[in-house]
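Heads up, the thing below is written out as structure tokens.
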2 protein chains.
Amino acid sequence: MTDGVDGGLSRTAGGCGRGVASAAAGALGGVNLGALRSHNTALVLDLLRTAGTEGISRLELAERTGLTPQAVSKITARLREEGLVAEAGRRASTGGKPRTVLRLVPEAGHAVGVHLDRDELTAVLCDLTGAVVAQRGTPLDLGAGAETVVERAVREVGALVAGGGRPGALLGVGVALPGPLDHRRGVLHRVTGLPEWNGFPLRDVLARRLSLPVVVDKDTNAAALGLAVGDEAAPFTSFAYLHFGAGLGGGLVIGGAVHRGTRTGAGEFGHQVVQLDGPPCGCGNRGCVEALCLAAVARGEPAEAARVLGVAAGNLVALLDVDLLLLGGRTVAAAPETFVRGVTAVLDERARRAGAEAVPVRLASGGERGVAEGAAQLLLAPLFGRAEG
Amino acid sequence: MTDGVDGGLSRTAGGCGRGVASAAAGALGGVNLGALRSHNTALVLDLLRTAGTEGISRLELAERTGLTPQAVSKITARLREEGLVAEAGRRASTGGKPRTVLRLVPEAGHAVGVHLDRDELTAVLCDLTGAVVAQRGTPLDLGAGAETVVERAVREVGALVAGGGRPGALLGVGVALPGPLDHRRGVLHRVTGLPEWNGFPLRDVLARRLSLPVVVDKDTNAAALGLAVGDEAAPFTSFAYLHFGAGLGGGLVIGGAVHRGTRTGAGEFGHQVVQLDGPPCGCGNRGCVEALCLAAVARGEPAEAARVLGVAAGNLVALLDVDLLLLGGRTVAAAPETFVRGVTAVLDERARRAGAEAVPVRLASGGERGVAEGAAQLLLAPLFGRAEG
DNA sequence: CTACTTTCGCAACGCTGTTGCCAAAGTGCA
DNA sequence: TGCACTTTGGCAACAGCGTTGCGAAAGTAG
């Protein structure tokens with residue numbers, strides 16, 4: 001019952017395994033002392049992570065968390081004992097004893113992130129800070145059947161982990177892939193165009209094969225999580241990530257946490273209808289943004305695609321009142337300025353009419369590796385109190 | 001510093017006044033023992049509120065919260081001492097000592113809700129359970145100038161409160177009104193069409209005049225909060241409320257809490273663009289749902305209005321993955337079946353194509369008083385741990 | 001009447017963050 | 001060089017939270 005014996009990492013990892021003593025059991029909401037400790041510890045770890053190599057002092061931690069300095073001292077003392085935190089020099093004095101700088105020990109834990117895309121597999125090994133310490137990639141046909149794909153994934157993850165005798169704990173494996181799925185149970189629905197995946201319990205199968213905790217999520221959600229945890233969206237905590245590659249999708253981050261909705265369906269952006277009775281889309285609807293934007297790109301009119309994307313993005317911003325819009329994906333990367341400017345123009349115009357300030361639009365620099373990194377964050381983020389939306 | 005001395009209600013009311021000891025001070029996130037107690041107390045109160053007159057036993061409370069029975073006993077003992085909770089009979093025995101049923105004491109506290117609409121003012125006095133115990137209404141011209149409107153509101157609230165010598169504490173006044181505003185600071189932006197309200201610090205002015213805590217929010221948010229707290233949305237905790245009256249607006253509830261966004265702008269549904277380069281709307285955009293739906297209604301084609309509404313609602317459901325759609329407002333009330341069926345049809349079709357289950361569509365029975373009741377909940381809800389989204 | 005089940009409070013406990021106090025480690029000035 | 005002052009941060013005692021062990025209370029079943 002007590003959770004003090006097992007060393008460090010597993011304690012606050014509420015996302016995958018057993019989680020904290022009793023409070024995390026379901027959405028009950030009752031908070032006991034164990035949960036309180038986990039929460040405050042996660043908060044401190046998150047600030048340490050955000051501080052990066054620069055580090056942060058105990059007193060700053062106290063100010064930022066609202067806890068007393070003494071409470072922070074106790075928490076950091078525990079973390080130092082567990083090897084998650086180390087002292088890293090001291091700041092310049094301001095007339096008294098200089099502050100001791102603390103920093104997260106990156107090697108204290110690792111997580112694997114796997115991106116199963118339609119035509120390739122990317123796997124990364126990340127340390128506690130989210131930095132990639134090893135990477136592998138291989139072509140893959142997601143339609144080649146579950147057994148083949150699982151086999152390949154197991155092999156890649158194995159090779160990645162075997163690479164070096166790392167001291168820290170291996171927290172688990174995060175897997176990101178397209179198509180509707182249930183991230184809570186880790187079961188796939190019908191991955192678009194690949195009916196053989198329907199109902200496949202990917203999480204449990206992989207967890208058994210790897211003997212590691214596994215978390216499964218949509219690719220766009222993973223990408224959004226990666227951006228939320230990184231400093232890409234700073235200083236904002238609510239934003240939308242729009243991914244325009246072979247298709248058009250989105251991920252929502254609200255209050256620093258990914259909003260997945262009840263059925264992991266949230267962020268379904270590509271099939272937002274912006275033209276009543278418009279041209280038919282592959283999904284069966286008419287006038288979807290994805291269809292319109294793809295058509296415009298195919299016609300060689302990226303500016304028009306950007307304008308349409310801007311209209312749909314404007315709808316999203318108006319509906320959710322987020323702070324920021326991040327754009328990414330291959331198609332955007334092909335003409336980044338066109339898309340950022342085009343979307344910005346629509347949003348600016350709309351904000352101007354409403355008498356409000358426009359929401360900034362930025363390019364998500366993540367690149368192709370971003371989804372895999374975000375997948376690793378599915379295991380890392382819970383340590384820092386960024387579990388669910 | 002200790003918060004044990006002041007009796008009961010003010011302690012957990014984190015939404016308006018000073019809030020709990022230290023944890024509520026900003027979005028710091030550090031949780032101390034006082035905050036933990038408040039949280040668990042609020043949780044218990046919420047379950048008691050939900051149980052209504054039927055009541056709930058200590059052991060059920062323990063099961064539902066995840067706390068131990070003994071912890072629940074301590075919490076309820078405090079609440080009974082403070083007069084918020086009372087014993088109310090006992091259940092049938094299941095072979096041993098029968099469970100004692102507890103219930104919330106409705107008269108232990110009250111809150112006023114004021115709905116400032118464009119042409120009328122509705123004010124209600126609600127008890128702890130949210131039930132209306134007194135009501136007043138008067139015609140009002142929201143464009144008659146700030147001083148006049150404030151004066152009228154003060155008089156109405158005064159008359160409502162003076163009505164009876166109620167024993168319980170008066171928690172404060174919630175005010176709901178249209179147009180963009182900042183609910184955190186209680187300052188209005190430009191209420192649509194009424195520029196003289198621009199920048200008016202309604203919350204502080206009213207709080208000073210009434211010597212009561214005041215909370216200000218958008219009318220649609222208040223309505224959504226009222227629905228979230230009532231049993232209208234049960235058993236779902238994430239839903240969208242679409243209000244189609246003189247205009248078209250929305251309120252979002254995610255995980256039981258109202259999602260307001262960073263600038264209280266979330267839920268802006270009327271000006272979602274669903275027809276690229278469609279007919280111009282008063283807001284300056286083209287092809288807004290509101291414009292299209294209003295035009296259809298004006299043409300005497302409510303079914304077409306329902307279809308368009310359904311398309312926009314489908315976008316919302318796809319984007320947020322909520323559990324439920326609630327429809328309300330005068331225009332809907334004029335042809336309820338047409339709208340519920342029309343919207344349902346669009347959602348069903350879309351869900352069928354996606355191979356998912358359709359989100360249910362219901363009529364929000366709130367009626368015209370719903371917004372005022374929701375406004376009162378702006379003060380009541382924080383007691384039950386339903387503060388922010 | 002006895003045995004059993006179930007509810008629920010009392011008392012002791014472990015753990016949390018908090019408070020009071022003091023040592024440590026600097027700066028600034030005489 | 002030495003002293004006063006400022007600031008950091010640990011030690012110890014403390015109050016308050018939920019938890020555990022146990023027993024009284026209040027029913028049912030035979």
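By order of appearance in the structure tokens: chains A, B, ..., then residues from 1 within every chain, and ligands from 1 in the order shown.
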
Subject >> Proximal residues of chain B relative to chain D (only C-alpha atoms (C1' of nucleotides); 10 Å) as a PyMOL selection string >> reply: chain B and resi 32-34+36-37+67-72+74+92-99

Original post:
chain C residues within 8 Å of chain A, counting only C-alpha atoms (C1' of nucleotides): which ones, as a list in words?
Top reply: DC15, DT16, DG17, DT18, DA24, DA25, DG26 and DT27 of chain C

**OP:** Return the neighbours of chain A among the residues of chain B, cut-off 6 Å, counting only C-alpha atoms, as a PyMOL selection string.
**Re:** chain B and resi 28-30+40+65-67+261+265-268+272+274-276+315+318-321

Prev. selection, N, CA and C atoms, output as a PDB file, in the first residue's frame:
```pdb
ATOM      1  N   LEU B  28      -1.056  28.918  -9.478  1.00  0.00           N
ATOM      2  CA  LEU B  28       0.227  28.390  -9.063  1.00  0.00           C
ATOM      3  C   LEU B  28       0.223  26.878  -9.073  1.00  0.00           C
ATOM      4  N   GLY B  29      -0.812  26.318  -8.489  1.00  0.00           N
ATOM      5  CA  GLY B  29      -0.930  24.881  -8.575  1.00  0.00           C
ATOM      6  C   GLY B  29      -0.423  24.122  -7.376  1.00  0.00           C
ATOM      7  N   GLY B  30       0.357  24.758  -6.521  1.00  0.00           N
ATOM      8  CA  GLY B  30       0.805  24.076  -5.318  1.00  0.00           C
ATOM      9  C   GLY B  30      -0.375  23.805  -4.397  1.00  0.00           C
ATOM     10  N   ASN B  40     -11.739  18.192  -0.935  1.00  0.00           N
ATOM     11  CA  ASN B  40     -12.525  17.025  -0.540  1.00  0.00           C
ATOM     12  C   ASN B  40     -13.879  17.424   0.019  1.00  0.00           C
ATOM     13  N   THR B  65     -16.165   9.059  -3.681  1.00  0.00           N
ATOM     14  CA  THR B  65     -15.020   9.961  -3.662  1.00  0.00           C
ATOM     15  C   THR B  65     -13.698   9.221  -3.693  1.00  0.00           C
ATOM     16  N   GLY B  66     -13.703   7.973  -3.253  1.00  0.00           N
ATOM     17  CA  GLY B  66     -12.455   7.253  -3.140  1.00  0.00           C
ATOM     18  C   GLY B  66     -11.787   7.475  -1.798  1.00  0.00           C
ATOM     19  N   LEU B  67     -12.405   8.264  -0.937  1.00  0.00           N
ATOM     20  CA  LEU B  67     -11.864   8.477   0.398  1.00  0.00           C
ATOM     21  C   LEU B  67     -12.300   7.324   1.301  1.00  0.00           C
ATOM     22  N   GLY B 261     -12.251  29.830 -22.015  1.00  0.00           N
ATOM     23  CA  GLY B 261     -11.123  30.298 -22.803  1.00  0.00           C
ATOM     24  C   GLY B 261     -10.389  31.413 -22.083  1.00  0.00           C
ATOM     25  N   GLY B 265     -13.998  34.231 -24.317  1.00  0.00           N
ATOM     26  CA  GLY B 265     -14.601  34.288 -25.629  1.00  0.00           C
ATOM     27  C   GLY B 265     -15.085  32.934 -26.142  1.00  0.00           C
ATOM     28  N   ALA B 266     -14.728  31.859 -25.429  1.00  0.00           N
ATOM     29  CA  ALA B 266     -15.061  30.530 -25.926  1.00  0.00           C
ATOM     30  C   ALA B 266     -16.570  30.345 -26.053  1.00  0.00           C
ATOM     31  N   GLY B 267     -16.954  29.465 -26.963  1.00  0.00           N
ATOM     32  CA  GLY B 267     -18.368  29.205 -27.183  1.00  0.00           C
ATOM     33  C   GLY B 267     -18.971  30.119 -28.227  1.00  0.00           C
ATOM     34  N   GLU B 268     -18.147  30.955 -28.830  1.00  0.00           N
ATOM     35  CA  GLU B 268     -18.642  31.863 -29.870  1.00  0.00           C
ATOM     36  C   GLU B 268     -19.079  31.023 -31.069  1.00  0.00           C
ATOM     37  N   GLN B 272     -19.509  31.075 -36.516  1.00  0.00           N
ATOM     38  CA  GLN B 272     -18.760  30.021 -37.180  1.00  0.00           C
ATOM     39  C   GLN B 272     -19.123  30.077 -38.665  1.00  0.00           C
ATOM     40  N   VAL B 274     -19.748  28.584 -42.095  1.00  0.00           N
ATOM     41  CA  VAL B 274     -20.013  27.276 -42.689  1.00  0.00           C
ATOM     42  C   VAL B 274     -20.271  27.389 -44.186  1.00  0.00           C
ATOM     43  N   GLN B 275     -20.151  28.607 -44.703  1.00  0.00           N
ATOM     44  CA  GLN B 275     -20.277  28.748 -46.145  1.00  0.00           C
ATOM     45  C   GLN B 275     -19.282  29.784 -46.630  1.00  0.00           C
ATOM     46  N   LEU B 276     -18.168  29.284 -47.156  1.00  0.00           N
ATOM     47  CA  LEU B 276     -17.127  30.156 -47.681  1.00  0.00           C
ATOM     48  C   LEU B 276     -17.733  31.174 -48.628  1.00  0.00           C
ATOM     49  N   ASN B 315     -19.649  20.102 -36.761  1.00  0.00           N
ATOM     50  CA  ASN B 315     -18.263  20.576 -36.677  1.00  0.00           C
ATOM     51  C   ASN B 315     -17.814  20.637 -35.227  1.00  0.00           C
ATOM     52  N   ALA B 318     -17.325  17.185 -33.717  1.00  0.00           N
ATOM     53  CA  ALA B 318     -16.121  16.539 -34.236  1.00  0.00           C
ATOM     54  C   ALA B 318     -14.873  17.154 -33.618  1.00  0.00           C
ATOM     55  N   LEU B 319     -14.902  18.449 -33.449  1.00  0.00           N
ATOM     56  CA  LEU B 319     -13.712  19.138 -32.950  1.00  0.00           C
ATOM     57  C   LEU B 319     -13.471  18.864 -31.474  1.00  0.00           C
ATOM     58  N   LEU B 320     -14.542  18.820 -30.695  1.00  0.00           N
ATOM     59  CA  LEU B 320     -14.384  18.726 -29.240  1.00  0.00           C
ATOM     60  C   LEU B 320     -14.701  17.344 -28.680  1.00  0.00           C
ATOM     61  N   ASP B 321     -15.403  16.532 -29.445  1.00  0.00           N
ATOM     62  CA  ASP B 321     -15.773  15.199 -28.972  1.00  0.00           C
ATOM     63  C   ASP B 321     -16.524  15.264 -27.648  1.00  0.00           C
TER      64      ASP B 321
END
```

**OP:** Write out as an MDAnalysis selection string the residues lying within 8 Å of A:Leu378, counting only C-alpha atoms (C1' of nucleotides) and excluding same-chain residues fewer than 2 positions away.
**Re:** chainID A and resid 15 174 215 222 225 374:376 380:382

Keeping only C-alpha atoms, write the selected residues as a tab-separated table (two decimals), in the first residue's frame.
```
chain	number	residue	atom	x	y	z
A	15	GLY	CA	-0.66	7.86	-16.81
A	174	GLY	CA	4.35	5.69	-26.29
A	215	VAL	CA	0.36	4.18	-24.08
A	222	ALA	CA	1.06	13.22	-29.62
A	225	LEU	CA	1.59	17.08	-26.50
A	374	GLY	CA	5.40	13.58	-28.54
A	375	ALA	CA	4.69	9.87	-28.26
A	376	ALA	CA	7.55	9.54	-25.79
A	380	LEU	CA	7.12	11.42	-19.59
A	381	ALA	CA	4.43	14.07	-19.24
A	382	PRO	CA	2.55	12.33	-16.41
```

Original post:
Which parts of stretch 143-344 of chain A does DSSP call alpha helix (DSSP H) when run on the backbone here, written out as number ranges by chain?
Top reply: A: 146-162, 202-210, 219-229, 289-298, 302-320, 330-334, 336-344

Original post:
Taking the backbone alone, and naming residues the way the document does, which bits of stretch 52-272 of chain B are strand (DSSP E or B) by DSSP, as a PyMOL selection string?
Top reply: chain B and resi 56-57+85-90+100-104+109-116+120-127+132-139+169-177+181-182+187-188+191+194+214-218+239-244+248-254+257-259

**OP:** Go ahead and compute the interatomic distance for atom CA of A:Arg118 and atom CA of A:Asp141, in Å to one decimal.
**Re:** 6.1 Å

Subject >> Selection: 12 Å around B:Arg208, only C-alpha atoms (C1' of nucleotides), excl. self and same-chain fewer than 4 positions, as JSON, numbers by chain >> reply: {"B": [150, 154, 172, 173, 201, 202, 203, 204, 212, 213, 214]}

Write out the residues from the selection above, keeping N, CA, C and O atoms, as a PDB file, in the first residue's frame.
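The resulting file, selection34.pdb, is reproduced below:
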```pdb
ATOM      1  N   VAL B 150     -27.231  49.913 -13.788  1.00  0.00           N
ATOM      2  CA  VAL B 150     -26.681  49.516 -12.496  1.00  0.00           C
ATOM      3  C   VAL B 150     -27.681  49.843 -11.393  1.00  0.00           C
ATOM      4  O   VAL B 150     -27.949  49.036 -10.495  1.00  0.00           O
ATOM      5  N   VAL B 154     -29.302  47.154  -8.871  1.00  0.00           N
ATOM      6  CA  VAL B 154     -29.124  47.263  -7.422  1.00  0.00           C
ATOM      7  C   VAL B 154     -30.485  47.225  -6.727  1.00  0.00           C
ATOM      8  O   VAL B 154     -30.677  46.544  -5.719  1.00  0.00           O
ATOM      9  N   GLY B 172     -23.497  35.995  -2.546  1.00  0.00           N
ATOM     10  CA  GLY B 172     -23.148  37.039  -3.489  1.00  0.00           C
ATOM     11  C   GLY B 172     -24.113  37.066  -4.653  1.00  0.00           C
ATOM     12  O   GLY B 172     -25.174  36.439  -4.617  1.00  0.00           O
ATOM     13  N   VAL B 173     -23.717  37.805  -5.670  1.00  0.00           N
ATOM     14  CA  VAL B 173     -24.586  38.024  -6.818  1.00  0.00           C
ATOM     15  C   VAL B 173     -23.856  37.627  -8.092  1.00  0.00           C
ATOM     16  O   VAL B 173     -22.722  38.059  -8.320  1.00  0.00           O
ATOM     17  N   PRO B 201     -16.390  48.542 -15.726  1.00  0.00           N
ATOM     18  CA  PRO B 201     -16.027  47.532 -14.714  1.00  0.00           C
ATOM     19  C   PRO B 201     -17.240  47.112 -13.905  1.00  0.00           C
ATOM     20  O   PRO B 201     -17.357  47.419 -12.714  1.00  0.00           O
ATOM     21  N   LEU B 202     -18.122  46.389 -14.541  1.00  0.00           N
ATOM     22  CA  LEU B 202     -19.423  46.079 -13.941  1.00  0.00           C
ATOM     23  C   LEU B 202     -19.292  45.354 -12.605  1.00  0.00           C
ATOM     24  O   LEU B 202     -20.017  45.657 -11.650  1.00  0.00           O
ATOM     25  N   ARG B 203     -18.375  44.403 -12.529  1.00  0.00           N
ATOM     26  CA  ARG B 203     -18.271  43.635 -11.297  1.00  0.00           C
ATOM     27  C   ARG B 203     -17.936  44.523 -10.104  1.00  0.00           C
ATOM     28  O   ARG B 203     -18.618  44.489  -9.072  1.00  0.00           O
ATOM     29  N   ASP B 204     -16.895  45.335 -10.251  1.00  0.00           N
ATOM     30  CA  ASP B 204     -16.459  46.147  -9.119  1.00  0.00           C
ATOM     31  C   ASP B 204     -17.501  47.190  -8.741  1.00  0.00           C
ATOM     32  O   ASP B 204     -17.740  47.460  -7.562  1.00  0.00           O
ATOM     33  N   LEU B 212     -21.498  43.190  -1.708  1.00  0.00           N
ATOM     34  CA  LEU B 212     -21.569  41.734  -1.824  1.00  0.00           C
ATOM     35  C   LEU B 212     -20.572  41.294  -2.894  1.00  0.00           C
ATOM     36  O   LEU B 212     -20.262  42.065  -3.804  1.00  0.00           O
ATOM     37  N   PRO B 213     -20.078  40.068  -2.771  1.00  0.00           N
ATOM     38  CA  PRO B 213     -19.258  39.557  -3.869  1.00  0.00           C
ATOM     39  C   PRO B 213     -20.091  39.474  -5.146  1.00  0.00           C
ATOM     40  O   PRO B 213     -21.261  39.088  -5.105  1.00  0.00           O
ATOM     41  N   VAL B 214     -19.499  39.863  -6.255  1.00  0.00           N
ATOM     42  CA  VAL B 214     -20.199  39.827  -7.534  1.00  0.00           C
ATOM     43  C   VAL B 214     -19.326  39.086  -8.540  1.00  0.00           C
ATOM     44  O   VAL B 214     -18.108  39.257  -8.561  1.00  0.00           O
TER      45      VAL B 214
END
```

Subject >> B:Val253 surroundings by only C-alpha atoms (C1' of nucleotides), 7 Å radius, close-in-sequence under 4 positions cut, as a PyMOL selection string >> reply: chain B and resi 224+228+238-240+257-259

**OP:** For B:Leu121, list every protein, DNA or RNA residue within 10 Å, evaluated using only C-alpha atoms (C1' of nucleotides), and leave out those in the same chain fewer than 2 positions away; present the list as a list in words.
**Re:** Val114, His115, Leu116, Asp117, Arg118, Asp119, Ala123, Arg136, Gly137, Thr138, Pro139, Leu140, Asp141, Leu142, Val149, Arg152, Ala153, Glu156, Leu177 and Ala372 of chain B
